[in-house]
$ cat model13.txt   # compact mmCIF, C-alpha atoms
# COMPACT_ATOMS: atom_id res chain seq x y z
CA MET A 941 35.70 -29.33 262.30
CA LYS A 942 33.59 -28.35 259.30
CA LEU A 943 33.14 -29.85 255.86
CA TYR A 944 34.21 -27.66 252.95
CA ALA A 945 33.57 -28.44 249.28
CA HIS A 946 35.47 -27.21 246.25
CA ALA A 947 34.63 -27.98 242.62
CA PHE A 948 36.65 -27.33 239.48
CA HIS A 949 36.93 -28.59 235.91
CA ALA A 950 40.20 -30.03 234.63
CA MET A 951 41.45 -33.06 232.69
CA GLY A 952 38.22 -33.01 230.73
CA CYS A 953 36.01 -33.79 233.73
CA ASP A 954 34.26 -32.30 236.72
CA ASN A 955 36.19 -32.68 239.97
CA GLN A 956 35.24 -32.21 243.59
CA LEU A 957 37.02 -32.03 246.93
CA GLN A 958 35.27 -32.58 250.24
CA LEU A 959 37.59 -31.61 253.06
CA TYR A 960 37.13 -31.41 256.82
CA ALA A 961 39.18 -28.54 258.22
CA PRO A 962 39.18 -26.36 261.36
CA SER A 963 39.00 -23.20 259.25
CA PRO A 964 37.92 -22.18 255.75
CA GLY A 965 41.38 -20.74 255.17
CA LEU A 966 43.08 -24.10 255.65
CA ALA A 967 40.56 -25.83 253.41
CA ARG A 968 40.94 -23.13 250.76
CA GLN A 969 44.74 -23.43 250.85
CA ALA A 970 44.58 -27.19 250.34
CA ALA A 971 41.99 -26.92 247.57
CA GLN A 972 44.03 -24.32 245.70
CA ALA A 973 47.14 -26.49 245.94
CA VAL A 974 45.22 -29.45 244.54
CA GLU A 975 43.79 -27.49 241.64
CA VAL A 976 47.21 -26.11 240.73
CA GLU A 977 48.70 -29.60 240.82
CA VAL A 978 45.96 -31.19 238.71
CA ARG A 979 46.29 -28.46 236.11
CA ARG A 980 50.08 -28.89 236.13
CA LEU A 981 49.72 -32.59 235.38
CA GLU A 982 47.16 -31.88 232.69
CA GLN A 983 49.54 -29.43 231.02
CA ARG A 984 52.45 -31.89 231.19
CA TYR A 985 50.68 -34.99 229.92
CA SER A 986 47.77 -33.89 227.77
CA ARG A 987 47.86 -35.26 224.23
CA TYR A 988 45.76 -32.27 223.17
CA ARG A 989 48.41 -29.66 224.02
CA ASP A 990 51.31 -29.00 221.69
CA ASP A 991 53.41 -27.73 224.61
CA SER A 992 53.03 -30.85 226.77
CA VAL A 993 55.84 -33.26 227.66
CA LEU A 994 53.81 -36.01 226.05
CA SER A 995 53.45 -34.17 222.75
CA ALA A 996 57.19 -33.51 222.67
CA ILE A 997 57.83 -37.23 223.15
CA ASN A 998 55.39 -38.14 220.39
CA ARG A 999 56.90 -35.63 217.96
CA SER A 1000 60.28 -37.32 218.46
CA ALA A 1001 58.97 -40.72 217.29
CA GLY A 1002 61.21 -42.16 214.59
CA VAL A 1003 63.50 -39.14 214.83
CA GLN A 1004 65.49 -39.19 218.04
CA ALA A 1005 65.54 -40.34 221.64
CA VAL A 1006 64.44 -37.97 224.38
CA THR A 1007 65.63 -37.63 227.95
CA VAL A 1008 62.74 -37.48 230.39
CA ASP A 1009 62.44 -36.08 233.90
CA GLU A 1010 62.03 -38.18 237.04
CA GLU A 1011 58.25 -37.87 237.24
CA THR A 1012 57.77 -38.95 233.64
CA ALA A 1013 60.27 -41.77 234.15
CA ALA A 1014 58.27 -43.06 237.12
CA LEU A 1015 55.08 -43.09 235.03
CA LEU A 1016 56.89 -44.93 232.24
CA ASP A 1017 58.21 -47.50 234.70
CA TYR A 1018 54.70 -48.02 236.02
CA ALA A 1019 53.31 -48.38 232.50
CA ALA A 1020 56.00 -50.95 231.72
CA ALA A 1021 55.11 -52.92 234.86
CA CYS A 1022 51.41 -52.88 233.93
CA HIS A 1023 52.29 -54.12 230.45
CA ASP A 1024 54.26 -57.01 231.93
CA HIS A 1025 51.55 -57.98 234.44
CA SER A 1026 48.73 -57.81 231.88
CA ASP A 1027 50.24 -60.08 229.22
CA GLY A 1028 50.72 -56.99 227.07
CA LEU A 1029 47.11 -55.83 227.24
CA PHE A 1030 47.79 -52.60 229.15
CA ASP A 1031 49.78 -50.71 226.55
CA VAL A 1032 50.34 -46.95 226.56
CA THR A 1033 51.24 -47.04 222.85
CA SER A 1034 47.70 -48.15 221.92
CA GLY A 1035 46.27 -44.63 222.00
CA VAL A 1036 47.18 -44.29 218.33
CA LEU A 1037 44.19 -46.56 217.63
CA ARG A 1038 41.85 -43.65 218.41
CA ARG A 1039 42.63 -42.42 214.89
CA ALA A 1040 40.44 -45.26 213.66
CA TRP A 1041 37.79 -45.09 216.36
CA ASP A 1042 35.70 -41.93 216.24
CA PHE A 1043 32.90 -42.56 218.75
CA LYS A 1044 31.33 -39.15 218.14
CA ALA A 1045 30.91 -39.98 214.46
CA GLY A 1046 28.93 -43.10 215.33
CA ARG A 1047 30.65 -45.33 212.79
CA LEU A 1048 32.95 -48.32 212.69
CA PRO A 1049 36.49 -47.95 211.31
CA ALA A 1050 36.77 -48.15 207.55
CA PRO A 1051 38.28 -51.35 206.11
CA GLY A 1052 42.02 -51.37 206.64
CA GLU A 1053 42.13 -48.50 209.17
CA ILE A 1054 42.94 -50.68 212.15
CA GLU A 1055 45.38 -52.87 210.23
CA HIS A 1056 47.23 -49.74 209.10
CA LEU A 1057 47.69 -48.61 212.72
CA LEU A 1058 48.52 -51.89 214.47
CA PRO A 1059 52.23 -51.83 213.43
CA LEU A 1060 52.54 -48.61 215.48
CA VAL A 1061 51.23 -50.34 218.63
CA GLY A 1062 53.40 -52.28 221.04
CA TRP A 1063 55.30 -51.33 224.17
CA ALA A 1064 57.86 -54.02 223.28
CA LYS A 1065 58.95 -51.83 220.36
CA VAL A 1066 59.73 -48.91 222.68
CA GLN A 1067 63.35 -48.43 223.70
CA TRP A 1068 63.20 -47.35 227.33
CA GLN A 1069 66.37 -47.16 229.43
CA ARG A 1070 66.07 -44.58 232.15
CA PRO A 1071 66.11 -41.67 231.52
CA ASN A 1072 66.23 -42.14 227.74
CA LEU A 1073 63.17 -43.00 225.68
CA TYR A 1074 62.91 -43.72 221.97
CA LEU A 1075 59.80 -44.48 219.93
CA PRO A 1076 61.39 -46.12 216.87
CA LEU A 1077 58.60 -45.64 214.31
CA VAL A 1078 57.31 -42.39 212.88
CA GLY A 1079 53.67 -42.12 213.97
CA MET A 1080 54.07 -44.00 217.24
CA GLU A 1081 52.55 -42.28 220.26
CA LEU A 1082 52.35 -42.60 224.01
CA ASP A 1083 49.04 -41.93 225.72
CA PHE A 1084 48.96 -41.63 229.52
CA GLY A 1085 45.17 -41.45 229.64
CA GLY A 1086 45.07 -44.65 231.69
CA VAL A 1087 47.36 -43.42 234.46
CA VAL A 1088 47.59 -39.63 234.77
CA LYS A 1089 44.18 -38.81 236.26
CA GLU A 1090 44.56 -41.60 238.79
CA TYR A 1091 48.08 -40.41 239.63
CA ALA A 1092 46.66 -36.89 240.00
CA ALA A 1093 44.05 -38.14 242.51
CA ASP A 1094 46.82 -39.68 244.63
CA ARG A 1095 48.88 -36.49 244.40
CA ALA A 1096 45.84 -34.44 245.43
CA ALA A 1097 45.33 -36.58 248.52
CA ALA A 1098 49.01 -36.26 249.44
CA LEU A 1099 48.89 -32.47 249.10
CA CYS A 1100 45.85 -32.28 251.35
CA ARG A 1101 47.60 -34.33 254.03
CA GLU A 1102 50.70 -32.15 253.77
CA ARG A 1103 48.50 -29.13 254.51
CA GLY A 1104 46.94 -30.60 257.62
CA ILE A 1105 43.76 -32.10 256.16
CA ALA A 1106 43.26 -35.43 257.91
CA SER A 1107 39.77 -36.28 256.69
CA GLY A 1108 38.46 -35.77 253.20
CA LEU A 1109 37.58 -37.17 249.82
CA VAL A 1110 39.12 -36.39 246.43
CA ASN A 1111 36.99 -37.09 243.37
CA LEU A 1112 38.61 -36.50 239.99
CA GLY A 1113 35.95 -37.47 237.49
CA GLY A 1114 35.10 -40.67 239.36
CA ASP A 1115 38.64 -41.53 240.42
CA ILE A 1116 38.38 -41.44 244.20
CA HIS A 1117 40.93 -41.13 246.98
CA VAL A 1118 39.69 -41.08 250.58
CA LEU A 1119 42.11 -39.56 253.09
CA ASP A 1120 40.43 -40.96 256.19
CA ALA A 1121 37.04 -41.55 257.79
CA GLN A 1122 34.79 -38.63 258.59
CA PRO A 1123 35.51 -37.00 261.98
CA ASP A 1124 32.77 -39.03 263.73
CA GLY A 1125 34.33 -42.25 262.43
CA SER A 1126 31.68 -42.89 259.79
CA PRO A 1127 32.71 -43.93 256.27
CA TRP A 1128 32.27 -41.99 253.07
CA LEU A 1129 29.62 -43.54 250.86
CA VAL A 1130 30.84 -43.68 247.26
CA GLY A 1131 28.18 -44.37 244.64
CA ILE A 1132 28.99 -46.77 241.80
CA ARG A 1133 27.30 -45.94 238.54
CA HIS A 1134 25.09 -48.54 236.92
CA PRO A 1135 26.62 -49.38 233.52
CA ARG A 1136 23.28 -49.52 231.72
CA ARG A 1137 20.63 -47.67 233.70
CA SER A 1138 20.55 -44.16 235.13
CA GLY A 1139 21.40 -44.03 238.80
CA MET A 1140 23.65 -46.06 241.03
CA LEU A 1141 24.37 -49.77 241.05
CA THR A 1142 25.42 -49.65 244.70
CA ALA A 1143 27.21 -47.48 247.28
CA ILE A 1144 30.53 -48.53 248.80
CA PRO A 1145 31.50 -47.36 252.31
CA MET A 1146 35.12 -46.20 252.40
CA LEU A 1147 37.22 -45.31 255.43
CA GLN A 1148 40.49 -44.91 253.55
CA GLY A 1149 42.16 -45.75 250.26
CA ALA A 1150 41.19 -45.38 246.64
CA LEU A 1151 38.58 -46.51 244.16
CA ALA A 1152 38.47 -46.45 240.37
CA SER A 1153 36.13 -47.88 237.76
CA SER A 1154 36.41 -48.84 234.11
CA GLY A 1155 33.50 -49.62 231.84
CA ASP A 1156 31.92 -49.57 228.43
CA TYR A 1157 29.50 -46.75 229.28
CA GLU A 1158 31.56 -43.56 228.97
CA ARG A 1159 32.54 -43.42 225.30
CA TYR A 1160 30.99 -45.88 222.91
CA VAL A 1161 28.95 -46.38 219.78
CA GLU A 1162 26.15 -48.88 219.27
CA ILE A 1163 25.72 -50.39 215.82
CA ASP A 1164 23.30 -53.20 215.00
CA GLY A 1165 22.66 -53.79 218.69
CA ARG A 1166 26.33 -54.18 219.61
CA ARG A 1167 28.23 -51.77 221.82
CA TYR A 1168 31.77 -50.75 220.89
CA CYS A 1169 33.54 -48.89 223.72
CA HIS A 1170 36.74 -46.85 224.01
CA ILE A 1171 38.75 -49.54 225.83
CA LEU A 1172 40.69 -51.10 222.96
CA ASN A 1173 42.60 -54.36 222.87
CA PRO A 1174 46.10 -53.43 221.63
CA HIS A 1175 46.57 -56.81 219.97
CA SER A 1176 43.46 -56.67 217.78
CA GLY A 1177 42.68 -52.96 217.75
CA TRP A 1178 39.04 -53.69 218.62
CA PRO A 1179 37.02 -52.76 221.71
CA VAL A 1180 36.89 -55.17 224.62
CA GLN A 1181 33.93 -57.47 225.13
CA GLY A 1182 32.82 -59.57 228.09
CA MET A 1183 32.25 -57.07 230.90
CA GLN A 1184 30.17 -53.93 231.25
CA ALA A 1185 32.10 -52.47 234.18
CA VAL A 1186 34.74 -53.11 236.83
CA THR A 1187 35.32 -51.24 240.09
CA VAL A 1188 38.46 -51.81 242.17
CA LEU A 1189 39.54 -50.74 245.65
CA ALA A 1190 43.25 -50.29 246.39
CA ASP A 1191 45.63 -48.26 248.51
CA SER A 1192 46.26 -45.90 245.58
CA CYS A 1193 44.07 -44.68 242.77
CA LEU A 1194 46.85 -45.42 240.30
CA VAL A 1195 46.72 -49.12 241.18
CA ALA A 1196 42.91 -49.21 241.32
CA GLY A 1197 42.59 -47.56 237.91
CA SER A 1198 45.14 -49.68 236.08
CA ALA A 1199 43.83 -52.89 237.67
CA SER A 1200 40.24 -52.12 236.65
CA THR A 1201 41.34 -51.37 233.09
CA ILE A 1202 43.39 -54.57 232.87
CA ALA A 1203 40.40 -56.56 234.14
CA MET A 1204 38.21 -55.03 231.42
CA LEU A 1205 40.85 -55.91 228.83
CA LYS A 1206 41.07 -59.50 230.05
CA GLY A 1207 37.30 -59.95 230.13
CA MET A 1208 35.48 -62.77 231.87
CA PRO A 1209 36.53 -64.94 233.61
CA ASP A 1210 40.20 -63.96 233.35
CA GLY A 1211 39.66 -60.37 234.52
CA GLY A 1212 38.00 -61.48 237.73
CA ALA A 1213 40.68 -64.09 238.38
CA PHE A 1214 43.37 -61.43 237.83
CA LEU A 1215 41.86 -59.11 240.46
CA ASP A 1216 41.24 -61.90 242.94
CA GLU A 1217 44.82 -63.10 242.55
CA LEU A 1218 46.03 -59.58 243.38
CA GLY A 1219 43.76 -59.57 246.44
CA LEU A 1220 42.06 -56.35 245.38
CA PRO A 1221 38.42 -55.92 246.46
CA ASN A 1222 36.37 -55.55 243.30
CA LEU A 1223 32.92 -55.40 241.78
CA ARG A 1224 32.40 -56.75 238.26
CA VAL A 1225 29.40 -56.55 235.98
CA ASP A 1226 29.42 -59.11 233.18
CA ALA A 1227 28.09 -58.72 229.65
CA GLN A 1228 24.63 -59.80 230.81
CA GLY A 1229 24.58 -57.20 233.59
CA ARG A 1230 25.16 -59.66 236.43
CA PRO A 1231 27.28 -58.32 239.31
CA SER A 1232 29.93 -60.42 241.04
CA GLY A 1233 33.15 -59.97 242.96
CA SER A 1234 34.34 -59.46 246.51
CA ILE A 1235 32.38 -56.20 246.93
CA LYS A 1236 28.73 -57.08 247.45
CA VAL A 1237 25.96 -55.10 245.82
CA SER A 1238 23.62 -53.72 248.44
CA SER A 1239 19.93 -54.43 247.97
CA ARG A 1240 17.98 -51.34 247.00
$ encode --input "model13.txt" --output "structure tokens"
Amino acid sequence: MKLYAHAFHAMGCDNQLQLYAPSPGLARQAAQAVEVEVRRLEQRYSRYRDDSVLSAINRSAGVQAVTVDEETAALLDYAAACHDHSDGLFDVTSGVLRRAWDFKAGRLPAPGEIEHLLPLVGWAKVQWQRPNLYLPLVGMELDFGGVVKEYAADRAAALCRERGIASGLVNLGGDIHVLDAQPDGSPWLVGIRHPRRSGMLTAIPMLQGALASSGDYERYVEIDGRRYCHILNPHSGWPVQGMQAVTVLADSCLVAGSASTIAMLKGMPDGGAFLDELGLPNLRVDAQGRPSGSIKVSSR
């Protein structure tokens, strides 16, 4: 049994597969299936593509209802459940707020920009009755950025298993799904990025399951010593405060990713209490850079 690696770029990030297989042909077959599937999901749900399912939904806002396929319906159901369990903080209609927040420009929104967009935010406004979906206001949008890459990581792991890969690791831009331990029984060591310094905060041994992180270190702007990140509170339209990063372990990457995002949205101490109540192993870094949670930081 040999370890084979495959790297590719999709969904705006660098991705890597590490697969143990008895032959390079089997590993190559699994890797190709994964890459095809990830690109399929990117095409279907990218907000940057005019031909995506998501763009078609958004163009229908305020015009007419659309009938969605089973896969899209399942994602919508999951988004609705996350909205309910997060007190409305996890909201796939909040992507419209990016019109006000241009992190590349290095500026804060102009006066009135956020207030102008907030009426377009709110899952409660959406009329969703399987399989029919209606966004009632012109300008409303759905954004699956908080679920699709994590869903893709889970799909990638499933495709590998279907093709006879028992041991391996899927890494889609930091969203991790571990199929099983390495052939000798040892765990995979997954590094967790430090939210402020270069290098790793810690390494987590994983035998199986999924891991995802959310934080204020990917897309942000700093103005007058304050950091404004891309995770936006849908109620206020402003970036979250209170935690630098959250990492969550779960059976699926979809759950790990949404739970870490909800924790960031809730802040401290509510975000930690939310994760602990769910019984999900987690590592949190507060606004002062202090780690806590049920995953211990290894001394380095």
$ closest_residue --input "model13.txt" --among "A:Gln983, A:Gln956, A:Ser963, A:Ser1238" --to "A:Met1140" --atoms "all atoms listed in the file"
A:Ser1238
$ residues_near_point --input "model13.txt" --point "(54.6, -38.5, 218.4)" --cutoff "8 Å" --atoms "all atoms listed in the file" --output "PyMOL selection string"
chain A and resi 995-1001+1078-1082
$ write_last_selection --input "model13.txt" --atoms "C-alpha atoms" --output "short mmCIF file (atom, residue, chain, number, x, y, z; two decimals), in the coordinates of the input"
data_model
loop_
_atom_site.label_atom_id
_atom_site.label_comp_id
_atom_site.auth_asym_id
_atom_site.auth_seq_id
_atom_site.Cartn_x
_atom_site.Cartn_y
_atom_site.Cartn_z
CA SER A 995 53.45 -34.17 222.75
CA ALA A 996 57.19 -33.51 222.67
CA ILE A 997 57.83 -37.23 223.15
CA ASN A 998 55.39 -38.14 220.39
CA ARG A 999 56.90 -35.63 217.96
CA SER A 1000 60.28 -37.32 218.46
CA ALA A 1001 58.97 -40.72 217.29
CA VAL A 1078 57.31 -42.39 212.88
CA GLY A 1079 53.67 -42.12 213.97
CA MET A 1080 54.07 -44.00 217.24
CA GLU A 1081 52.55 -42.28 220.26
CA LEU A 1082 52.35 -42.60 224.01
#
$ residues_around --input "model13.txt" --residues "stretch 1109-1123 of chain A" --least-positions-apart "5" --cutoff "7 Å" --atoms "all atoms listed in the file" --output "list in words"
Cys953, Asp954, Asn955, Gln956, Leu957, Gln958, Leu959, Glu1090, Ala1093, Asp1094, Ala1097, Trp1128, Leu1147, Gln1148, Gly1149, Ala1150, Leu1151, Ala1152 and Cys1193 of chain A
$ closest_residue --input "model13.txt" --among "A:Gln969, A:Ser1126, A:Gln1184, A:Ser1176" --to "A:Pro1059" --atoms "all atoms listed in the file"
A:Ser1176
$ closest_residue --input "model13.txt" --among "A:Ser1034, A:Ser1153, A:Ser1200, A:Gln1228" --to "A:Val1061" --atoms "all atoms listed in the file"
A:Ser1034
$ closest_residue --input "model13.txt" --among "A:Gly1062, A:Pro1221, A:Gly1046, A:Gly1211" --to "A:Arg1159" --atoms "all atoms listed in the file"
A:Gly1046
$ residues_near_point --input "model13.txt" --point "(26.9, -52.8, 218.7)" --cutoff "12 Å" --atoms "all atoms listed in the file" --output "ChimeraX atom specification"
/A:1043,1046-1048,1156,1160-1169,1179-1181
$ closest_residue --input "model13.txt" --among "A:His1023, A:Arg984, A:Arg1039, A:Lys942" --to "A:Pro962" --atoms "only C-alpha atoms"
A:Lys942
$ atom_distance --input "model13.txt" --atom1 "atom CA of A:Gly1182" --atom2 "atom CA of A:Ile1132"
19.1 Å
$ build_atoms --input "model13.txt" --residues "stretch 1029-1042 of chain A" --atoms "N, CA and C atoms" --output "compact mmCIF listing (two decimals), in the frame of the given file"
# COMPACT_ATOMS: atom_id res chain seq x y z
N LEU A 1029 48.39 -56.45 227.55
CA LEU A 1029 47.11 -55.83 227.24
C LEU A 1029 47.05 -54.35 227.65
N PHE A 1030 47.72 -54.00 228.73
CA PHE A 1030 47.79 -52.60 229.15
C PHE A 1030 48.99 -51.99 228.43
N ASP A 1031 48.72 -51.16 227.44
CA ASP A 1031 49.78 -50.71 226.55
C ASP A 1031 49.59 -49.23 226.24
N VAL A 1032 50.49 -48.39 226.72
CA VAL A 1032 50.34 -46.95 226.56
C VAL A 1032 50.67 -46.49 225.14
N THR A 1033 51.07 -47.41 224.27
CA THR A 1033 51.24 -47.04 222.85
C THR A 1033 49.96 -47.25 222.06
N SER A 1034 48.91 -47.80 222.67
CA SER A 1034 47.70 -48.15 221.92
C SER A 1034 46.79 -46.96 221.66
N GLY A 1035 47.10 -45.80 222.23
CA GLY A 1035 46.27 -44.63 222.00
C GLY A 1035 46.19 -44.22 220.55
N VAL A 1036 47.18 -44.63 219.75
CA VAL A 1036 47.18 -44.29 218.33
C VAL A 1036 45.96 -44.89 217.63
N LEU A 1037 45.36 -45.92 218.23
CA LEU A 1037 44.19 -46.56 217.63
C LEU A 1037 42.96 -45.64 217.61
N ARG A 1038 42.99 -44.57 218.41
CA ARG A 1038 41.85 -43.65 218.41
C ARG A 1038 41.71 -42.96 217.05
N ARG A 1039 42.74 -42.98 216.23
CA ARG A 1039 42.63 -42.42 214.89
C ARG A 1039 41.60 -43.18 214.06
N ALA A 1040 41.43 -44.46 214.38
CA ALA A 1040 40.44 -45.26 213.66
C ALA A 1040 39.07 -45.22 214.31
N TRP A 1041 39.04 -45.01 215.62
CA TRP A 1041 37.79 -45.09 216.36
C TRP A 1041 37.30 -43.69 216.71
N ASP A 1042 36.31 -43.23 215.99
CA ASP A 1042 35.70 -41.93 216.24
C ASP A 1042 34.30 -42.19 216.79
